[in-house]
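Source file: upload01.pdb; contents: PDB, C-alpha atoms, pLDDT in the B column.
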ATOM      1  CA  LYS Y   5     159.486 134.296 127.064  1.00 70.00           C
ATOM      2  CA  ALA Y   6     156.056 134.715 125.578  1.00 82.00           C
ATOM      3  CA  GLY Y   7     155.272 138.225 124.415  1.00 93.00           C
ATOM      4  CA  VAL Y   8     152.524 140.554 125.535  1.00 97.00           C
ATOM      5  CA  THR Y   9     149.114 139.161 124.681  1.00 97.00           C
ATOM      6  CA  GLN Y  10     145.844 141.015 124.331  1.00 98.00           C
ATOM      7  CA  THR Y  11     142.306 139.692 124.142  1.00 97.00           C
ATOM      8  CA  PRO Y  12     140.104 139.945 122.282  1.00 97.00           C
ATOM      9  CA  ARG Y  13     141.844 140.971 119.084  1.00 97.00           C
ATOM     10  CA  TYR Y  14     138.719 142.462 117.542  1.00 97.00           C
ATOM     11  CA  LEU Y  15     135.537 143.885 119.029  1.00 96.00           C
ATOM     12  CA  ILE Y  16     132.454 145.493 117.591  1.00 97.00           C
ATOM     13  CA  LYS Y  17     130.191 147.422 119.937  1.00 97.00           C
ATOM     14  CA  THR Y  18     127.418 149.973 119.623  1.00 97.00           C
ATOM     15  CA  ARG Y  19     127.253 153.446 121.098  1.00 97.00           C
ATOM     16  CA  GLY Y  20     126.379 153.518 124.756  1.00 97.00           C
ATOM     17  CA  GLN Y  21     127.697 150.046 125.524  1.00 97.00           C
ATOM     18  CA  GLN Y  22     130.725 149.333 127.641  1.00 97.00           C
ATOM     19  CA  VAL Y  23     133.740 147.197 126.856  1.00 98.00           C
ATOM     20  CA  THR Y  24     136.554 145.482 128.734  1.00 98.00           C
ATOM     21  CA  LEU Y  25     139.911 144.723 127.159  1.00 98.00           C
ATOM     22  CA  SER Y  26     142.511 142.418 128.651  1.00 98.00           C
ATOM     23  CA  CYS Y  27     146.301 142.433 128.603  1.00 98.00           C
ATOM     24  CA  SER Y  28     148.737 139.802 129.846  1.00 98.00           C
ATOM     25  CA  PRO Y  29     152.263 141.187 130.248  1.00 96.00           C
ATOM     26  CA  ILE Y  30     155.530 139.387 129.724  1.00 95.00           C
ATOM     27  CA  SER Y  31     156.278 137.132 132.684  1.00 94.00           C
ATOM     28  CA  GLY Y  32     158.082 139.097 135.379  1.00 90.00           C
ATOM     29  CA  HIS Y  33     157.024 142.503 134.076  1.00 92.00           C
ATOM     30  CA  ARG Y  34     155.222 144.578 136.665  1.00 90.00           C
ATOM     31  CA  SER Y  35     154.324 147.680 134.706  1.00 91.00           C
ATOM     32  CA  VAL Y  36     151.507 147.740 132.162  1.00 94.00           C
ATOM     33  CA  SER Y  37     150.720 150.815 130.076  1.00 95.00           C
ATOM     34  CA  TRP Y  38     147.792 151.365 127.738  1.00 97.00           C
ATOM     35  CA  TYR Y  39     147.704 153.440 124.569  1.00 97.00           C
ATOM     36  CA  GLN Y  40     145.043 154.424 122.075  1.00 98.00           C
ATOM     37  CA  GLN Y  41     146.051 154.534 118.419  1.00 96.00           C
ATOM     38  CA  THR Y  42     143.918 156.367 115.846  1.00 95.00           C
ATOM     39  CA  PRO Y  43     144.740 157.710 112.365  1.00 91.00           C
ATOM     40  CA  GLY Y  44     144.023 161.271 113.450  1.00 90.00           C
ATOM     41  CA  GLN Y  45     145.612 161.445 116.898  1.00 92.00           C
ATOM     42  CA  GLY Y  46     148.288 158.800 116.573  1.00 93.00           C
ATOM     43  CA  LEU Y  47     149.462 156.976 119.681  1.00 96.00           C
ATOM     44  CA  GLN Y  48     148.199 158.481 122.905  1.00 96.00           C
ATOM     45  CA  PHE Y  49     148.956 157.350 126.438  1.00 94.00           C
ATOM     46  CA  LEU Y  50     145.952 156.299 128.503  1.00 96.00           C
ATOM     47  CA  PHE Y  51     147.380 155.119 131.832  1.00 92.00           C
ATOM     48  CA  GLU Y  52     150.016 153.004 133.501  1.00 91.00           C
ATOM     49  CA  TYR Y  53     149.656 150.466 136.274  1.00 92.00           C
ATOM     50  CA  PHE Y  54     152.430 149.208 138.496  1.00 89.00           C
ATOM     51  CA  SER Y  55     151.933 146.765 141.356  1.00 87.00           C
ATOM     52  CA  GLU Y  56     148.136 147.107 141.084  1.00 92.00           C
ATOM     53  CA  THR Y  57     148.271 150.911 141.415  1.00 91.00           C
ATOM     54  CA  GLN Y  58     147.659 153.498 138.724  1.00 90.00           C
ATOM     55  CA  ARG Y  59     150.897 155.420 138.527  1.00 85.00           C
ATOM     56  CA  ASN Y  60     150.400 157.679 135.506  1.00 84.00           C
ATOM     57  CA  LYS Y  61     147.323 158.894 133.685  1.00 88.00           C
ATOM     58  CA  GLY Y  62     146.850 160.539 130.310  1.00 90.00           C
ATOM     59  CA  ASN Y  63     144.275 163.106 129.246  1.00 92.00           C
ATOM     60  CA  PHE Y  64     141.271 160.897 128.682  1.00 95.00           C
ATOM     61  CA  PRO Y  65     137.796 161.239 130.184  1.00 95.00           C
ATOM     62  CA  GLY Y  66     136.740 159.249 133.208  1.00 95.00           C
ATOM     63  CA  ARG Y  67     134.887 156.798 130.947  1.00 97.00           C
ATOM     64  CA  PHE Y  68     138.284 155.183 130.438  1.00 97.00           C
ATOM     65  CA  SER Y  69     139.438 153.207 133.436  1.00 96.00           C
ATOM     66  CA  GLY Y  70     141.695 150.317 134.190  1.00 97.00           C
ATOM     67  CA  ARG Y  71     142.989 148.009 136.823  1.00 97.00           C
ATOM     68  CA  GLN Y  72     145.803 145.590 137.435  1.00 97.00           C
ATOM     69  CA  PHE Y  73     145.675 142.297 139.217  1.00 96.00           C
ATOM     70  CA  SER Y  74     148.213 140.720 141.562  1.00 94.00           C
ATOM     71  CA  ASN Y  75     149.613 138.627 138.681  1.00 93.00           C
ATOM     72  CA  SER Y  76     150.239 141.886 136.760  1.00 94.00           C
ATOM     73  CA  ARG Y  77     147.527 141.182 134.202  1.00 97.00           C
ATOM     74  CA  SER Y  78     145.604 144.317 133.387  1.00 97.00           C
ATOM     75  CA  GLU Y  79     142.194 145.254 132.083  1.00 98.00           C
ATOM     76  CA  MET Y  80     140.899 148.497 130.708  1.00 98.00           C
ATOM     77  CA  ASN Y  81     137.261 149.443 130.578  1.00 98.00           C
ATOM     78  CA  VAL Y  82     135.487 151.996 128.465  1.00 97.00           C
ATOM     79  CA  SER Y  83     131.958 152.867 129.495  1.00 95.00           C
ATOM     80  CA  THR Y  84     129.260 154.625 127.475  1.00 96.00           C
ATOM     81  CA  LEU Y  85     131.062 154.081 124.200  1.00 97.00           C
ATOM     82  CA  GLU Y  86     131.165 156.844 121.635  1.00 97.00           C
ATOM     83  CA  LEU Y  87     131.905 156.621 117.914  1.00 96.00           C
ATOM     84  CA  GLY Y  88     135.204 158.388 118.531  1.00 96.00           C
ATOM     85  CA  ASP Y  89     136.380 155.547 120.755  1.00 97.00           C
ATOM     86  CA  SER Y  90     136.924 153.388 117.681  1.00 98.00           C
ATOM     87  CA  ALA Y  91     140.629 152.721 117.720  1.00 98.00           C
ATOM     88  CA  LEU Y  92     143.395 150.214 118.169  1.00 97.00           C
ATOM     89  CA  TYR Y  93     144.127 149.824 121.872  1.00 98.00           C
ATOM     90  CA  LEU Y  94     147.652 148.754 122.669  1.00 98.00           C
ATOM     91  CA  CYS Y  95     149.088 147.605 125.910  1.00 97.00           C
ATOM     92  CA  ALA Y  96     152.764 147.468 126.724  1.00 96.00           C
ATOM     93  CA  SER Y  97     154.681 145.934 129.581  1.00 94.00           C
ATOM     94  CA  SER Y  98     158.061 146.623 131.101  1.00 90.00           C
ATOM     95  CA  PRO Y  99     159.947 145.328 134.135  1.00 83.00           C
ATOM     96  CA  GLN Y 100     160.070 148.875 135.530  1.00 69.00           C
ATOM     97  CA  LEU Y 101     162.742 148.322 138.098  1.00 66.00           C
ATOM     98  CA  ALA Y 102     165.493 150.936 138.370  1.00 60.00           C
ATOM     99  CA  GLY Y 103     166.924 152.399 135.218  1.00 63.00           C
ATOM    100  CA  VAL Y 104     165.482 152.990 131.788  1.00 66.00           C
ATOM    101  CA  HIS Y 105     163.267 150.244 130.536  1.00 72.00           C
ATOM    102  CA  THR Y 106     161.861 149.391 127.176  1.00 85.00           C
ATOM    103  CA  GLN Y 107     158.158 148.912 126.764  1.00 91.00           C
ATOM    104  CA  TYR Y 108     157.133 145.793 124.888  1.00 93.00           C
ATOM    105  CA  PHE Y 109     153.900 146.048 122.968  1.00 96.00           C
ATOM    106  CA  GLY Y 110     151.095 143.644 122.376  1.00 97.00           C
ATOM    107  CA  PRO Y 111     149.323 143.201 119.040  1.00 97.00           C
ATOM    108  CA  GLY Y 112     146.425 145.398 120.089  1.00 97.00           C
ATOM    109  CA  THR Y 113     142.652 145.112 120.289  1.00 98.00           C
ATOM    110  CA  ARG Y 114     140.781 146.706 117.400  1.00 97.00           C
ATOM    111  CA  LEU Y 115     137.592 148.281 118.764  1.00 98.00           C
ATOM    112  CA  THR Y 116     134.896 149.417 116.363  1.00 98.00           C
ATOM    113  CA  VAL Y 117     131.970 151.399 117.736  1.00 97.00           C
ATOM    114  CA  LEU Y 118     128.876 151.537 115.532  1.00 96.00           C
TER     115      LEU Y 118
ATOM    116  CA  ALA L  10     154.561 169.048 129.188  1.00 76.00           C
ATOM    117  CA  GLN L  11     156.347 166.743 126.807  1.00 85.00           C
ATOM    118  CA  ARG L  12     156.032 166.763 123.054  1.00 92.00           C
ATOM    119  CA  VAL L  13     157.572 164.863 120.154  1.00 96.00           C
ATOM    120  CA  THR L  14     157.465 166.130 116.593  1.00 97.00           C
ATOM    121  CA  GLN L  15     158.208 164.155 113.464  1.00 97.00           C
ATOM    122  CA  PRO L  16     157.922 166.687 110.662  1.00 96.00           C
ATOM    123  CA  GLU L  17     157.765 164.190 107.800  1.00 96.00           C
ATOM    124  CA  LYS L  18     154.677 162.054 107.461  1.00 96.00           C
ATOM    125  CA  LEU L  19     156.071 160.288 104.377  1.00 97.00           C
ATOM    126  CA  LEU L  20     159.633 159.684 103.266  1.00 98.00           C
ATOM    127  CA  SER L  21     160.667 157.897 100.094  1.00 97.00           C
ATOM    128  CA  VAL L  22     164.186 156.872  99.137  1.00 97.00           C
ATOM    129  CA  PHE L  23     165.803 154.436  96.761  1.00 97.00           C
ATOM    130  CA  LYS L  24     167.618 151.336  97.900  1.00 97.00           C
ATOM    131  CA  GLY L  25     171.200 152.132  98.818  1.00 97.00           C
ATOM    132  CA  ALA L  26     170.533 155.812  99.472  1.00 97.00           C
ATOM    133  CA  PRO L  27     171.080 157.374 102.896  1.00 97.00           C
ATOM    134  CA  VAL L  28     168.014 157.996 104.981  1.00 97.00           C
ATOM    135  CA  GLU L  29     167.339 160.348 107.878  1.00 97.00           C
ATOM    136  CA  LEU L  30     164.096 160.452 109.830  1.00 97.00           C
ATOM    137  CA  LYS L  31     163.763 163.597 111.849  1.00 97.00           C
ATOM    138  CA  CYS L  32     162.578 163.841 115.432  1.00 97.00           C
ATOM    139  CA  ASN L  33     162.436 166.893 117.678  1.00 97.00           C
ATOM    140  CA  TYR L  34     161.282 166.896 121.256  1.00 95.00           C
ATOM    141  CA  SER L  35     160.262 169.218 124.016  1.00 93.00           C
ATOM    142  CA  TYR L  36     160.703 168.243 127.660  1.00 88.00           C
ATOM    143  CA  SER L  37     161.760 170.268 130.662  1.00 82.00           C
ATOM    144  CA  GLY L  38     163.519 167.449 132.522  1.00 80.00           C
ATOM    145  CA  SER L  39     165.948 164.722 131.504  1.00 79.00           C
ATOM    146  CA  PRO L  40     164.314 162.650 128.753  1.00 83.00           C
ATOM    147  CA  GLU L  41     164.970 159.235 127.418  1.00 87.00           C
ATOM    148  CA  LEU L  42     164.437 158.870 123.690  1.00 91.00           C
ATOM    149  CA  PHE L  43     163.443 155.835 121.691  1.00 92.00           C
ATOM    150  CA  TRP L  44     162.742 154.846 118.118  1.00 95.00           C
ATOM    151  CA  TYR L  45     160.022 152.267 117.589  1.00 95.00           C
ATOM    152  CA  VAL L  46     159.221 150.600 114.273  1.00 96.00           C
ATOM    153  CA  GLN L  47     156.089 148.939 112.987  1.00 95.00           C
ATOM    154  CA  TYR L  48     156.481 146.688 109.952  1.00 95.00           C
ATOM    155  CA  SER L  49     153.421 145.748 107.940  1.00 93.00           C
ATOM    156  CA  ARG L  50     151.054 143.544 109.986  1.00 91.00           C
ATOM    157  CA  GLN L  51     153.466 143.338 112.908  1.00 93.00           C
ATOM    158  CA  ARG L  52     153.342 144.806 116.358  1.00 94.00           C
ATOM    159  CA  LEU L  53     155.165 147.909 117.430  1.00 95.00           C
ATOM    160  CA  GLN L  54     158.717 147.031 118.421  1.00 93.00           C
ATOM    161  CA  LEU L  55     161.740 148.846 119.728  1.00 91.00           C
ATOM    162  CA  LEU L  56     164.359 149.729 117.159  1.00 93.00           C
ATOM    163  CA  LEU L  57     166.820 151.500 119.395  1.00 90.00           C
ATOM    164  CA  ARG L  58     167.026 153.669 122.472  1.00 87.00           C
ATOM    165  CA  HIS L  59     169.337 156.528 123.262  1.00 83.00           C
ATOM    166  CA  ILE L  60     170.724 155.145 126.507  1.00 72.00           C
ATOM    167  CA  SER L  61     172.043 152.000 124.804  1.00 72.00           C
ATOM    168  CA  ARG L  62     173.980 153.944 122.155  1.00 70.00           C
ATOM    169  CA  GLU L  63     173.714 150.936 119.890  1.00 73.00           C
ATOM    170  CA  SER L  64     173.246 150.400 116.190  1.00 75.00           C
ATOM    171  CA  ILE L  65     170.393 148.140 115.180  1.00 81.00           C
ATOM    172  CA  LYS L  66     169.913 146.978 111.581  1.00 88.00           C
ATOM    173  CA  GLY L  67     172.382 149.680 110.564  1.00 89.00           C
ATOM    174  CA  PHE L  68     170.339 152.484 112.151  1.00 93.00           C
ATOM    175  CA  THR L  69     171.844 154.972 114.575  1.00 92.00           C
ATOM    176  CA  ALA L  70     170.426 157.965 116.396  1.00 92.00           C
ATOM    177  CA  ASP L  71     172.239 160.730 118.227  1.00 86.00           C
ATOM    178  CA  LEU L  72     170.668 162.796 120.959  1.00 88.00           C
ATOM    179  CA  ASN L  73     171.394 166.472 120.425  1.00 89.00           C
ATOM    180  CA  LYS L  74     170.285 168.250 123.578  1.00 86.00           C
ATOM    181  CA  GLY L  75     171.134 171.670 122.168  1.00 89.00           C
ATOM    182  CA  GLU L  76     168.811 171.207 119.217  1.00 90.00           C
ATOM    183  CA  THR L  77     166.470 168.889 121.164  1.00 92.00           C
ATOM    184  CA  SER L  78     166.632 166.380 118.352  1.00 94.00           C
ATOM    185  CA  PHE L  79     167.003 162.627 118.047  1.00 95.00           C
ATOM    186  CA  HIS L  80     167.200 161.976 114.323  1.00 96.00           C
ATOM    187  CA  LEU L  81     167.375 158.396 113.022  1.00 96.00           C
ATOM    188  CA  LYS L  82     169.928 157.676 110.309  1.00 95.00           C
ATOM    189  CA  LYS L  83     171.014 154.846 108.090  1.00 96.00           C
ATOM    190  CA  PRO L  84     173.738 155.216 105.453  1.00 95.00           C
ATOM    191  CA  PHE L  85     172.347 152.675 102.983  1.00 96.00           C
ATOM    192  CA  ALA L  86     168.604 151.992 103.020  1.00 97.00           C
ATOM    193  CA  GLN L  87     167.252 148.536 102.237  1.00 97.00           C
ATOM    194  CA  GLU L  88     163.814 147.578 100.934  1.00 97.00           C
ATOM    195  CA  GLU L  89     163.090 145.711 104.164  1.00 96.00           C
ATOM    196  CA  ASP L  90     163.432 149.012 106.031  1.00 97.00           C
ATOM    197  CA  SER L  91     160.061 150.103 104.632  1.00 98.00           C
ATOM    198  CA  ALA L  92     157.858 150.599 107.685  1.00 97.00           C
ATOM    199  CA  MET L  93     156.296 153.164 110.009  1.00 96.00           C
ATOM    200  CA  TYR L  94     158.798 154.729 112.392  1.00 97.00           C
ATOM    201  CA  TYR L  95     157.865 156.400 115.657  1.00 97.00           C
ATOM    202  CA  CYS L  96     160.051 158.557 117.813  1.00 97.00           C
ATOM    203  CA  ALA L  97     159.100 158.405 121.494  1.00 95.00           C
ATOM    204  CA  LEU L  98     160.069 160.127 124.715  1.00 92.00           C
ATOM    205  CA  SER L  99     159.906 159.010 128.317  1.00 88.00           C
ATOM    206  CA  GLY L 100     160.390 161.283 131.270  1.00 78.00           C
ATOM    207  CA  THR L 101     162.683 160.154 134.057  1.00 67.00           C
ATOM    208  CA  ALA L 102     163.014 160.654 137.777  1.00 65.00           C
ATOM    209  CA  GLY L 103     166.143 159.635 139.641  1.00 61.00           C
ATOM    210  CA  GLY L 104     167.410 157.714 136.626  1.00 55.00           C
ATOM    211  CA  THR L 105     164.280 155.574 136.308  1.00 56.00           C
ATOM    212  CA  SER L 106     161.977 156.023 133.352  1.00 57.00           C
ATOM    213  CA  TYR L 107     158.269 156.495 133.754  1.00 69.00           C
ATOM    214  CA  GLY L 108     155.900 154.014 132.188  1.00 78.00           C
ATOM    215  CA  LYS L 109     154.548 156.676 129.871  1.00 86.00           C
ATOM    216  CA  LEU L 110     155.761 157.182 126.326  1.00 91.00           C
ATOM    217  CA  THR L 111     154.919 160.256 124.301  1.00 93.00           C
ATOM    218  CA  PHE L 112     155.001 159.427 120.611  1.00 96.00           C
ATOM    219  CA  GLY L 113     155.475 161.511 117.530  1.00 97.00           C
ATOM    220  CA  GLN L 114     152.972 161.169 114.713  1.00 96.00           C
ATOM    221  CA  GLY L 115     155.187 158.718 112.872  1.00 97.00           C
ATOM    222  CA  THR L 116     156.967 158.682 109.530  1.00 97.00           C
ATOM    223  CA  ILE L 117     156.172 156.151 106.834  1.00 97.00           C
ATOM    224  CA  LEU L 118     159.416 155.193 105.155  1.00 98.00           C
ATOM    225  CA  THR L 119     159.260 153.610 101.717  1.00 98.00           C
ATOM    226  CA  VAL L 120     162.420 152.248 100.172  1.00 98.00           C
ATOM    227  CA  HIS L 121     162.102 151.715  96.435  1.00 97.00           C
ATOM    228  CA  PRO L 122     164.136 149.056  94.597  1.00 95.00           C
TER     229      PRO L 122
END
Is it possible to give me this structure as structure tokens?
Amino acid sequence: KAGVTQTPRYLIKTRGQQVTLSCSPISGHRSVSWYQQTPGQGLQFLFEYFSETQRNKGNFPGRFSGRQFSNSRSEMNVSTLELGDSALYLCASSPQLAGVHTQYFGPGTRLTVL
Amino acid sequence: AQRVTQPEKLLSVFKGAPVELKCNYSYSGSPELFWYVQYSRQRLQLLLRHISRESIKGFTADLNKGETSFHLKKPFAQEEDSAMYYCALSGTAGGTSYGKLTFGQGTILTVHP
């Protein structure tokens, strides 16, 4: 099976702009989670979507939002970008049926805010 | 609240030496613990998970609920083990894990020849 893919891989934006990142999960996986990775804060959970519904949410401001489509693909959006939003954004997918499931990570989108 | 602590940011050993990467957690319910690894220029990938009780690439980890620890061990380190290692925790409900992982800050392991 193809792995988790994320597009674009790199983005440069300026403060105040908005950005949309895309994630395609492994075929058959219904759960998509998003994480922000920075040198200072490490890996932090943003939110999880399952069957087009947000199921879990981390401690990020409302400027960070996401959605999931019927084919399980997911997008996250960051509005009114701030310098501190510069980070590697990772998405991960899992089948999320019963039991404990591993999350499989994509390569990430590197966002730079100038 | 759930928390994962990896006390060592950097760990250096020589090839063939034993290695132990420490992980402590805090969670009020029944957690599932994982170790993820990130090799240079590669994506984050699962190394092992507690529920599987398996040994991957010679690494093992034992969940100690009394000490709330999940340390990663390998008896003989290899140069190819050099990487960033993350300990992660997932809460569970009714035996099913949530789609949220809480990560430790990571430990950079360097294995010298």
Written as a PyMOL selection string, which residues does the PyMOL selection byres ((chain Y and resi 50-66) around 10) give for the file shown?
(chain Y and resi 33-40+47-49+67-78+80+82-83+93-100) or (chain L and resi 107-109)
Name every residue that the PyMOL selection byres ((chain L) within 12 of (chain Y)) selects in this structure, writing the answer as a PyMOL selection string with chains first and numbers rising.
chain L and resi 10-15+18+39-47+50-61+93+95-116
One number please: CA of Pro29 in chain Y to CA of Arg13 in chain Y, in Å, one decimal.
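For CA of Pro29 in chain Y relative to CA of Arg13 in chain Y, the distance reads 15.3 Å.
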Atomic distance CA of Ser35 in chain L - CA of Phe85 in chain L, expressed in Å with one decimal
29.4 Å
Would you be able to write out as a list in words which residues have an atom within 7 Å of (163.4, 162.5, 114.1) in the file's coordinates, counting all atoms listed in the file?
Gln15, Leu30, Lys31, Cys32, Asn33, Ser78, Phe79, His80, Leu81 and Cys96 of chain L
Kindly give the distance, in Å, that separates CA of Thr77 in chain L and CA of Gly25 in chain L, rounded to a single decimal.
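So the two atoms, CA of Thr77 in chain L and CA of Gly25 in chain L, lie 28.3 Å apart.
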Taking all listed atoms of range 44-52 of chain L, build the axis-aligned box, pad each of the six sides by 5 Å, then write its centre and edge lengths in Å to one decimal as AutoDock Vina command-line options.
--center_x 156.9 --center_y 149.1 --center_z 113.0 --size_x 21.7 --size_y 21.5 --size_z 20.2
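Using all atoms listed in the file, the residues found no farther than 9 Å from Lys82 in chain L, other than those of its own chain fewer than 6 positions away, are Pro27, Val28, Glu29, Leu30, Lys31, Gly67, Phe68, Thr69, Ala70 and Asp71 of chain L.
Among Y:Ser28, Y:Gly20, Y:Arg114, Y:Gln41, the residue with the shortest atom-to-atom distance to Thr84 in chain Y, counting all atoms listed in the file, is Y:Gly20.
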